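*Asks:* Let me give you the structure first, and then I'll get to my questions.
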Amino acid sequence: MTLVPSPAASELAARRAEVVTALRAVLPVHALLWHDADTTPYECDGLTAYRQRPLAVALPDTEAQVAAVLRTCHALGVPVVARGAGTGLSGGAMPHALGVTLSLARFNRILGVDPLACTAVVQAGVRNLAISEEAAPFGLYYAPDPSSQIACTIGGNIAENSGGVHCLKYGLTLHNVLQVRGFTAAGEPITFGSLALDAPGLDVLPLVIGSEGMLAVITEVTVKLVPKPRLARCLMASFPTVEAAGEAVAAVIAAGIIPAGLELMDKPMTAAVEDFVHAGYDLDAAAILLCESDGTPDEVAEEIERMSAVLRAAGANRLEVSQDEAQRLRFWSGRKNAFPASGRISPDYMCMDSTIPRKRLADILRAIAEMEQKYGLRCCNVFHAGDGNLHPLILFDANDPDQLHRCEQFGAEILETSVALGGTVTGEHGVGVEKLNSMCVQFSAEEREQMFAIKRAFDERELLNPGKVIPTLHRCAEYGRLTVRRGLLPFPELERF
Ligand SMILES: Cc1cc2nc3c(=O)[nH]c(=O)nc-3n(C[C@H](O)[C@H](O)[C@H](O)COP(=O)(O)OP(=O)(O)OC[C@H]3O[C@@H](n4cnc5c(N)ncnc54)[C@H](O)[C@@H]3O)c2cc1C
């Protein structure tokens with residue numbers, strides 16, 4: 001898939017020569033790649049089904065170089081796609097055929113941890129987990145913990161407003177960031193938020209968080225750190241049906257309990273991860289819930305007791321509480337490795353990501369089971385259930401165009417069913433290119449125009465990550481005409497992403 005119609009080879013070569021010449025004037029030799037062999041590793045992110053080589057890849061070392069790359073591209077009207085670790089799952093960092101990929105990989109320094117203010121100042125390319133590792137000697141950690149935290153960067157987390165197991169209790173990226181610094185498309189410095197809890201003037205920090213690299217290139221971030229709890233224990237509950245597990249999630253929250261993590265895995269997912277990490281999961285259960293409690297030993301003991309009572313009343317037929325830290329980490333290791341485990345049982349998988357009201361979990365699980373029959377593809381389910389955030393993993397083989405096609409339709413139907421159930425097409429993985437069409441279902445033309453207006457306020461020429469996130473009126477009109485009947489999509493030759 002390309003974001004722009006493939007330019008003629010001669011046009012591409014001429015444009016590349018022009019852009020490379022201009023960028024060589026502002027970057028050291030080692031910071032610019034443009035030969036196919038060097039740019040191929042950048043052709044996709046975690047959504048590997050869609051690929052596109054960029055014109056060139058810039059790997060600046062300093063903020064001055066970031067500004068210079070942006071100014072140069074702005075002057076030439078060249079699109080720029082920022083890139084962190086490339087672990088995104090919605091194609092957000094997929095290159096533009098006529099654009100420059102701007103990698104923040106070399107912005108990997110932690111500039112300081114302030115244990116009194118409970119903050120850390122880090123460059124955008126710092127890995128999520130590295131922040132907690134640096135803060136650990138102070139008894140602190142950075143709470144949002146995407147399962148990709150060993151690799152993904154804080155810049156990418158901000159661009160996607162990433163979530164994780166701990167976000168139910170401690171908030172998403174949005175709630176754990178004080179200040180974001182970076183550069184506009186024109187290469188001008190820009191600061192969002194402040195070092196205090198409240199920024200003077202209009203607070204536009206929430207605009208950049210979740211903006212998917214469309215408003216600014218982020219170079220430096222000040223994050224909040226939270227004290228490491230004295231104790232954490234994980235309760236594993238087995239259910240005879242996925243519907244009962246879904247209803248148990250709603251029951252826990254309704255009982256006034258906010259666990260430190262509340263995750264659901266269905267039987268196919270549990271089997272896949274157990275085979276991979278041997279976490280000790282109940283392989284007979286139709287679904288299992290992992291519920292974490294953290295705090296002082298007394299708080300944890302009381303909360304585990306209350307959660308156990310609620311889960312039993314909701315139909316749990318087996319409960320197991322981690323007895324030590326090693327066992328707690330083992331329980332979580334399966335959940336955290338759900339995606340790689342799926343990669344072991346299928347040539348490819350597409351991870352969908354939508355959100356529904358918690359009380360509709362059982363409904364969506366039923367609907368997904370029907371879709372498996374309809375599209376003839378298997379689906380493993382792993383959810384940030386406490387947030388109502390779904391991650392159905394559709395298994396397919398990308399070498400078979402028909403399977404890819406059915407997978408896309410399956411995914412679109414999950415997203416649109418989520419909207420019908422009162423939810424959203426976006427969960428925590430952003431829109432990227434993956435959910436462009438589904439955005440047409442969720443938002444009206446007026447709402448989409450307002451989103452474009454915000455983009456243009458920061459990036460008048462629409463050069464930062466163009467063609468992603470907000471679908472055009474034309475695209476939505478075309479998508480609206482393409483109604484699936486008896487499982488067949490008319491005009492299958494038309495590009496739909
Ligand atoms: C195995 C696996 C598990 C995952 N689990 C989770 C999970 O639990 N929760 C979750 O939320 N996500 C999860 N993800 C998705 C992904 O890791 C997150 O979206 C992450 O935030 C992406 O970070 P990145 O550095 O890899 O960004 P990239 O993939 O490089 O980029 C993502 C987007 O951010 C933009 N961007 C990146 N850096 C910058 C910057 N410095 N300035 C401006 N824009 C920028 C890019 O243009 C792109 O639009 C998972 C992915 C994998 C592969």
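Every chain in the structure tokens takes a letter, A first, then B, and so on in the order presented; its residues are numbered from 1, and the ligands are numbered from 1 following the presented order.
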Can you build me a table of chain A residues sitting at most 6 Å from ligand 1, with the closest atom pair per residue and its distance in Å to one decimal, using only C-alpha atoms and all ligand atoms, sorted by chain and residue number, as a tab-separated table?

*Replies:*
residue	atom	partner	partner_atom_place_in_ligand_line	distance
A:Asp45	CA	ligand 1	29 (O)	5.6
A:Gly46	CA	ligand 1	53 (C)	5.3
A:Val81	CA	ligand 1	47 (O)	5.2
A:Ala82	CA	ligand 1	47 (O)	4.1
A:Arg83	CA	ligand 1	30 (O)	3.9
A:Gly84	CA	ligand 1	30 (O)	3.4
A:Ala85	CA	ligand 1	26 (O)	3.7
A:Gly86	CA	ligand 1	29 (O)	3.4
A:Thr87	CA	ligand 1	26 (O)	3.5
A:Gly88	CA	ligand 1	29 (O)	3.3
A:Leu89	CA	ligand 1	15 (C)	5.2
A:Gly92	CA	ligand 1	49 (O)	3.5
A:Ala93	CA	ligand 1	48 (C)	4.0
A:Leu104	CA	ligand 1	41 (N)	5.7
A:Ala124	CA	ligand 1	41 (N)	5.1
A:Pro146	CA	ligand 1	8 (O)	3.4
A:Ser147	CA	ligand 1	5 (N)	3.9
A:Ser148	CA	ligand 1	3 (C)	4.1
A:Cys152	CA	ligand 1	25 (O)	4.0
A:Thr153	CA	ligand 1	25 (O)	3.7
A:Gly155	CA	ligand 1	41 (N)	4.0
A:Gly156	CA	ligand 1	23 (O)	3.5
A:Asn157	CA	ligand 1	21 (O)	3.4
A:Ala159	CA	ligand 1	34 (O)	4.4
A:Glu160	CA	ligand 1	21 (O)	5.3
A:Ser162	CA	ligand 1	11 (O)	3.3
A:Gly163	CA	ligand 1	11 (O)	4.0
A:Gly164	CA	ligand 1	8 (O)	4.4
A:Glu212	CA	ligand 1	49 (O)	4.0
A:Gly213	CA	ligand 1	44 (N)	3.4
A:Ala216	CA	ligand 1	43 (C)	5.8
A:Val217	CA	ligand 1	42 (N)	3.8
A:Ile218	CA	ligand 1	42 (N)	3.7
A:Thr219	CA	ligand 1	41 (N)	5.6
A:Phe339	CA	ligand 1	1 (C)	5.1
A:Glu428	CA	ligand 1	11 (O)	4.4
A:His429	CA	ligand 1	19 (O)	4.9

*Asks:* Which region 135-176 of chain A residues have any atom within 12 Å of an atom of region 278-291 of chain A, and for each, what is the nearest pair of atoms with distance in Å to one decimal, counting only C-alpha atoms, rows sorted by chain and number, as a Markdown table?

*Replies:*
| residue | atom | partner | partner_atom | distance |
| --- | --- | --- | --- | --- |
| A:Val165 | CA | A:Cys291 | CA | 9.8 |
| A:His166 | CA | A:Cys291 | CA | 10.7 |
| A:Leu168 | CA | A:Cys291 | CA | 11.1 |
| A:Lys169 | CA | A:Cys291 | CA | 11.6 |

*Asks:* Once you have the residues from the selection above, write them out as a CSV table (one decimal), in the first residue's frame, restricted to N, CA, C and O atoms.

*Replies:*
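Below is the file that was written, selection_24.csv:
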chain,number,residue,atom,x,y,z
A,165,VAL,N,-1.1,-2.0,31.1
A,165,VAL,CA,-1.8,-2.7,32.2
A,165,VAL,C,-2.0,-1.8,33.4
A,165,VAL,O,-3.1,-1.8,34.0
A,166,HIS,N,-1.1,-0.9,33.7
A,166,HIS,CA,-1.2,-0.1,34.9
A,166,HIS,C,-2.1,1.2,34.7
A,166,HIS,O,-2.3,1.9,35.6
A,168,LEU,N,-5.3,1.7,34.0
A,168,LEU,CA,-6.6,1.7,34.6
A,168,LEU,C,-6.5,2.5,35.9
A,168,LEU,O,-7.3,3.4,36.2
A,169,LYS,N,-5.5,2.2,36.8
A,169,LYS,CA,-5.4,2.9,38.1
A,169,LYS,C,-4.6,4.2,38.0
A,169,LYS,O,-4.9,5.2,38.6

*Asks:* Using only C-alpha atoms, which residue out of A:Leu195, A:Leu178, A:Arg318, A:Ala367 lies closest to Phe239 (chain A)?

*Replies:* A:Arg318

*Asks:* Need to verify the contact set: Glu462 (chain A), 10 Å, only C-alpha atoms, exclusion of same-chain residues closer than 2 positions in sequence. Can you return it as a PyMOL selection string?

*Replies:* chain A and resi 74+77-80+185+214-215+452+455-460+464-467

*Asks:* Those residues with C-alpha atoms, as a PDB file, in the first residue's frame please?

*Replies:*
ATOM      1  CA  HIS A  74       9.377  22.785   4.737  1.00  0.00           C
ATOM      2  CA  GLY A  77       7.405  21.063   0.475  1.00  0.00           C
ATOM      3  CA  VAL A  78       8.582  17.575   1.519  1.00  0.00           C
ATOM      4  CA  PRO A  79       6.425  15.512   3.918  1.00  0.00           C
ATOM      5  CA  VAL A  80       8.093  14.405   7.176  1.00  0.00           C
ATOM      6  CA  ALA A 185       6.750  21.532  10.686  1.00  0.00           C
ATOM      7  CA  MET A 214       0.816  15.400  12.913  1.00  0.00           C
ATOM      8  CA  LEU A 215       1.322  18.582  14.959  1.00  0.00           C
ATOM      9  CA  PHE A 452      -8.083  19.282  10.000  1.00  0.00           C
ATOM     10  CA  LYS A 455      -3.792  20.346  12.235  1.00  0.00           C
ATOM     11  CA  ARG A 456      -3.527  23.360   9.946  1.00  0.00           C
ATOM     12  CA  ALA A 457      -3.170  25.690  12.961  1.00  0.00           C
ATOM     13  CA  PHE A 458       0.154  23.928  13.686  1.00  0.00           C
ATOM     14  CA  ASP A 459       1.122  22.764  10.202  1.00  0.00           C
ATOM     15  CA  GLU A 460      -0.388  25.013   7.565  1.00  0.00           C
ATOM     16  CA  LEU A 464       3.787  16.366   9.084  1.00  0.00           C
ATOM     17  CA  ASN A 465       2.606  12.772   8.602  1.00  0.00           C
ATOM     18  CA  PRO A 466       0.110  13.651   5.841  1.00  0.00           C
ATOM     19  CA  GLY A 467      -2.547  11.151   4.755  1.00  0.00           C
TER      20      GLY A 467
END

*Asks:* As a ChimeraX atom specification, please: the residues near region 383-397 of chain A (cut-off 7 Å, only C-alpha atoms, same-chain neighbours under 4 positions excluded).

*Replies:* /A:165,168,249,262-265,346-358,377-379,403-404,407,427

*Asks:* Write the residues of the preceding selection, restricted to N, CA, C and O atoms, as a CSV table (one decimal), in the first residue's frame.

*Replies:*
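File written: result_33.csv
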chain,number,residue,atom,x,y,z
A,165,VAL,N,-1.1,-2.0,31.1
A,165,VAL,CA,-1.8,-2.7,32.2
A,165,VAL,C,-2.0,-1.8,33.4
A,165,VAL,O,-3.1,-1.8,34.0
A,168,LEU,N,-5.3,1.7,34.0
A,168,LEU,CA,-6.6,1.7,34.6
A,168,LEU,C,-6.5,2.5,35.9
A,168,LEU,O,-7.3,3.4,36.2
A,249,VAL,N,-15.8,-8.3,34.8
A,249,VAL,CA,-15.0,-7.1,34.7
A,249,VAL,C,-15.9,-5.9,35.2
A,249,VAL,O,-15.5,-5.1,36.0
A,262,LEU,N,-6.3,-5.0,35.1
A,262,LEU,CA,-7.5,-5.9,35.0
A,262,LEU,C,-7.6,-6.3,33.5
A,262,LEU,O,-8.1,-5.6,32.6
A,263,GLU,N,-7.1,-7.5,33.2
A,263,GLU,CA,-6.9,-7.9,31.8
A,263,GLU,C,-7.6,-9.3,31.6
A,263,GLU,O,-7.7,-10.1,32.5
A,264,LEU,N,-8.1,-9.4,30.4
A,264,LEU,CA,-8.8,-10.7,30.0
A,264,LEU,C,-8.1,-11.4,28.8
A,264,LEU,O,-7.7,-10.7,27.9
A,265,MET,N,-8.0,-12.7,28.9
A,265,MET,CA,-7.5,-13.4,27.7
A,265,MET,C,-8.5,-14.6,27.5
A,265,MET,O,-8.9,-15.3,28.5
A,346,SER,N,0.8,-18.3,13.9
A,346,SER,CA,0.2,-17.8,12.6
A,346,SER,C,1.3,-17.1,11.8
A,346,SER,O,2.1,-16.3,12.4
A,347,PRO,N,1.3,-17.2,10.5
A,347,PRO,CA,2.4,-16.4,9.7
A,347,PRO,C,2.2,-14.9,10.0
A,347,PRO,O,3.2,-14.2,10.1
A,348,ASP,N,1.0,-14.4,10.1
A,348,ASP,CA,0.8,-13.0,10.4
A,348,ASP,C,-0.4,-12.8,11.3
A,348,ASP,O,-1.2,-13.7,11.4
A,349,TYR,N,-0.4,-11.7,12.0
A,349,TYR,CA,-1.7,-11.4,12.7
A,349,TYR,C,-1.9,-9.9,12.6
A,349,TYR,O,-0.9,-9.1,12.4
A,350,MET,N,-3.1,-9.5,12.7
A,350,MET,CA,-3.5,-8.1,12.7
A,350,MET,C,-4.1,-7.8,14.1
A,350,MET,O,-5.1,-8.4,14.4
A,351,CYS,N,-3.5,-6.9,14.8
A,351,CYS,CA,-4.0,-6.6,16.1
A,351,CYS,C,-5.0,-5.4,16.0
A,351,CYS,O,-4.6,-4.3,15.7
A,352,MET,N,-6.2,-5.7,16.3
A,352,MET,CA,-7.2,-4.6,16.3
A,352,MET,C,-7.2,-3.9,17.6
A,352,MET,O,-6.7,-4.4,18.6
A,353,ASP,N,-7.8,-2.7,17.7
A,353,ASP,CA,-7.7,-1.9,18.9
A,353,ASP,C,-8.9,-0.9,18.9
A,353,ASP,O,-8.9,0.0,18.2
A,354,SER,N,-9.9,-1.3,19.7
A,354,SER,CA,-11.0,-0.4,19.8
A,354,SER,C,-11.5,-0.4,21.2
A,354,SER,O,-11.0,-1.1,22.1
A,355,THR,N,-12.4,0.5,21.6
A,355,THR,CA,-12.8,0.6,23.0
A,355,THR,C,-14.4,0.5,23.0
A,355,THR,O,-15.0,1.1,22.1
A,356,ILE,N,-14.9,-0.2,24.0
A,356,ILE,CA,-16.3,-0.3,24.2
A,356,ILE,C,-16.7,0.0,25.6
A,356,ILE,O,-15.8,-0.2,26.5
A,357,PRO,N,-17.9,0.3,25.9
A,357,PRO,CA,-18.3,0.4,27.4
A,357,PRO,C,-18.1,-1.0,28.0
A,357,PRO,O,-18.4,-2.0,27.4
A,358,ARG,N,-17.5,-1.0,29.2
A,358,ARG,CA,-17.2,-2.3,29.9
A,358,ARG,C,-18.3,-3.2,29.9
A,358,ARG,O,-18.2,-4.4,29.7
A,377,LEU,N,-11.6,-16.9,9.5
A,377,LEU,CA,-10.3,-16.6,10.1
A,377,LEU,C,-10.4,-16.8,11.6
A,377,LEU,O,-11.4,-16.5,12.2
A,378,ARG,N,-9.3,-17.2,12.2
A,378,ARG,CA,-9.3,-17.4,13.7
A,378,ARG,C,-8.9,-16.0,14.3
A,378,ARG,O,-8.2,-15.2,13.7
A,379,CYS,N,-9.4,-15.9,15.6
A,379,CYS,CA,-9.1,-14.6,16.3
A,379,CYS,C,-8.8,-15.0,17.7
A,379,CYS,O,-9.6,-15.7,18.4
A,403,GLN,N,-6.8,-13.8,2.0
A,403,GLN,CA,-6.8,-13.8,3.5
A,403,GLN,C,-6.6,-12.4,4.0
A,403,GLN,O,-7.2,-11.9,5.0
A,404,LEU,N,-5.7,-11.6,3.4
A,404,LEU,CA,-5.4,-10.2,3.8
A,404,LEU,C,-6.7,-9.4,3.7
A,404,LEU,O,-7.1,-8.6,4.6
A,407,CYS,N,-9.2,-10.4,6.3
A,407,CYS,CA,-8.7,-9.9,7.6
A,407,CYS,C,-9.0,-8.4,7.7
A,407,CYS,O,-9.5,-8.0,8.8
A,427,GLY,N,-8.5,2.8,20.2
A,427,GLY,CA,-8.2,2.4,21.6
A,427,GLY,C,-6.9,3.1,22.0
A,427,GLY,O,-6.9,4.3,22.2

*Asks:* Looking only at strand (DSSP E or B) from DSSP on the backbone, list the matching residues of region 204-422 of chain A as a PyMOL selection string.

*Replies:* chain A and resi 217-224+226-227+231-239+261-266+287-295+318-321+348-351+354-355+379-384+389-396

*Asks:* Can those selected residues be exported to a file as a compact mmCIF listing (two decimals), in the first residue's frame so that it contains C-alpha atoms?

*Replies:*
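Result file is result-v9.txt:
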# COMPACT_ATOMS: atom_id res chain seq x y z
CA VAL A 217 8.15 16.54 16.18
CA ILE A 218 8.78 15.80 19.86
CA THR A 219 12.38 15.97 21.11
CA GLU A 220 12.15 16.23 24.92
CA VAL A 221 9.60 15.21 27.54
CA THR A 222 9.10 15.77 31.27
CA VAL A 223 7.21 12.83 32.77
CA LYS A 224 5.70 12.28 36.19
CA VAL A 226 5.03 7.57 40.95
CA PRO A 227 6.27 5.74 44.06
CA LEU A 231 3.56 -4.79 47.51
CA ALA A 232 1.76 -6.03 44.39
CA ARG A 233 -0.10 -9.31 43.99
CA CYS A 234 -1.92 -10.74 41.02
CA LEU A 235 -5.14 -12.72 41.18
CA MET A 236 -5.89 -15.10 38.32
CA ALA A 237 -9.56 -16.01 37.91
CA SER A 238 -10.91 -18.71 35.56
CA PHE A 239 -14.36 -18.53 33.96
CA GLY A 261 -4.46 -4.04 36.29
CA LEU A 262 -7.50 -5.91 34.97
CA GLU A 263 -6.88 -7.95 31.82
CA LEU A 264 -8.81 -10.66 29.99
CA MET A 265 -7.54 -13.45 27.75
CA ASP A 266 -9.77 -15.97 25.98
CA ALA A 287 -11.38 -17.06 29.64
CA ILE A 288 -9.13 -15.90 32.43
CA LEU A 289 -8.92 -12.53 34.17
CA LEU A 290 -5.70 -11.19 35.66
CA CYS A 291 -6.45 -8.70 38.45
CA GLU A 292 -3.62 -6.86 40.15
CA SER A 293 -3.72 -5.19 43.53
CA ASP A 294 -0.96 -2.90 44.80
CA GLY A 295 -0.35 -0.79 47.91
CA ARG A 318 -10.96 -21.11 40.03
CA LEU A 319 -8.95 -18.37 41.75
CA GLU A 320 -5.20 -18.30 42.27
CA VAL A 321 -3.26 -15.49 43.97
CA ASP A 348 0.80 -12.98 10.36
CA TYR A 349 -1.65 -11.37 12.72
CA MET A 350 -3.46 -8.06 12.72
CA CYS A 351 -4.00 -6.55 16.15
CA SER A 354 -11.03 -0.35 19.79
CA THR A 355 -12.84 0.60 22.95
CA CYS A 379 -9.12 -14.62 16.28
CA CYS A 380 -7.43 -14.66 19.72
CA ASN A 381 -8.67 -12.11 22.23
CA VAL A 382 -6.65 -10.24 24.80
CA PHE A 383 -8.17 -7.13 26.37
CA HIS A 384 -7.24 -4.28 28.68
CA ASN A 389 -10.03 -1.62 25.39
CA LEU A 390 -10.07 -4.62 23.03
CA HIS A 391 -7.13 -6.26 21.27
CA PRO A 392 -8.58 -8.99 19.03
CA LEU A 393 -5.66 -10.56 17.12
CA ILE A 394 -6.86 -11.79 13.73
CA LEU A 395 -4.63 -14.59 12.44
CA PHE A 396 -3.94 -14.70 8.71

*Asks:* Which distance in Å separates CA of Val208 (chain A) and CA of Gly187 (chain A), to one decimal?

*Replies:* 16.1 Å

*Asks:* With only C-alpha atoms as the atoms that count, which of A:Asp114, A:Cys73, A:Asn108, A:Gly125 lies nearest to Gly139 (chain A)?

*Replies:*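 Among the listed residues, A:Asp114 lies closest to Gly139 (chain A).
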
*Asks:* Could you tell me, as JSON, numbers by chain, which residues of region 298-418 of chain A DSSP assigns to alpha helix (DSSP H) when given the backbone?

*Replies:* {"A": [298, 299, 300, 301, 302, 303, 304, 305, 306, 307, 308, 309, 310, 311, 312, 313, 325, 326, 327, 328, 329, 330, 331, 332, 333, 334, 335, 336, 338, 339, 340, 341, 342, 343, 344, 345, 361, 362, 363, 364, 365, 366, 367, 368, 369, 370, 371, 372, 373, 374, 375, 401, 402, 403, 404, 405, 406, 407, 408, 409, 410, 411, 412, 413, 414, 415, 416, 417, 418]}

*Asks:* Rank nothing, just name the residue among A:Ala186, A:Ala56, A:Val19, A:Val180 nearest to Glu43 (chain A), using only C-alpha atoms.

*Replies:* A:Ala56
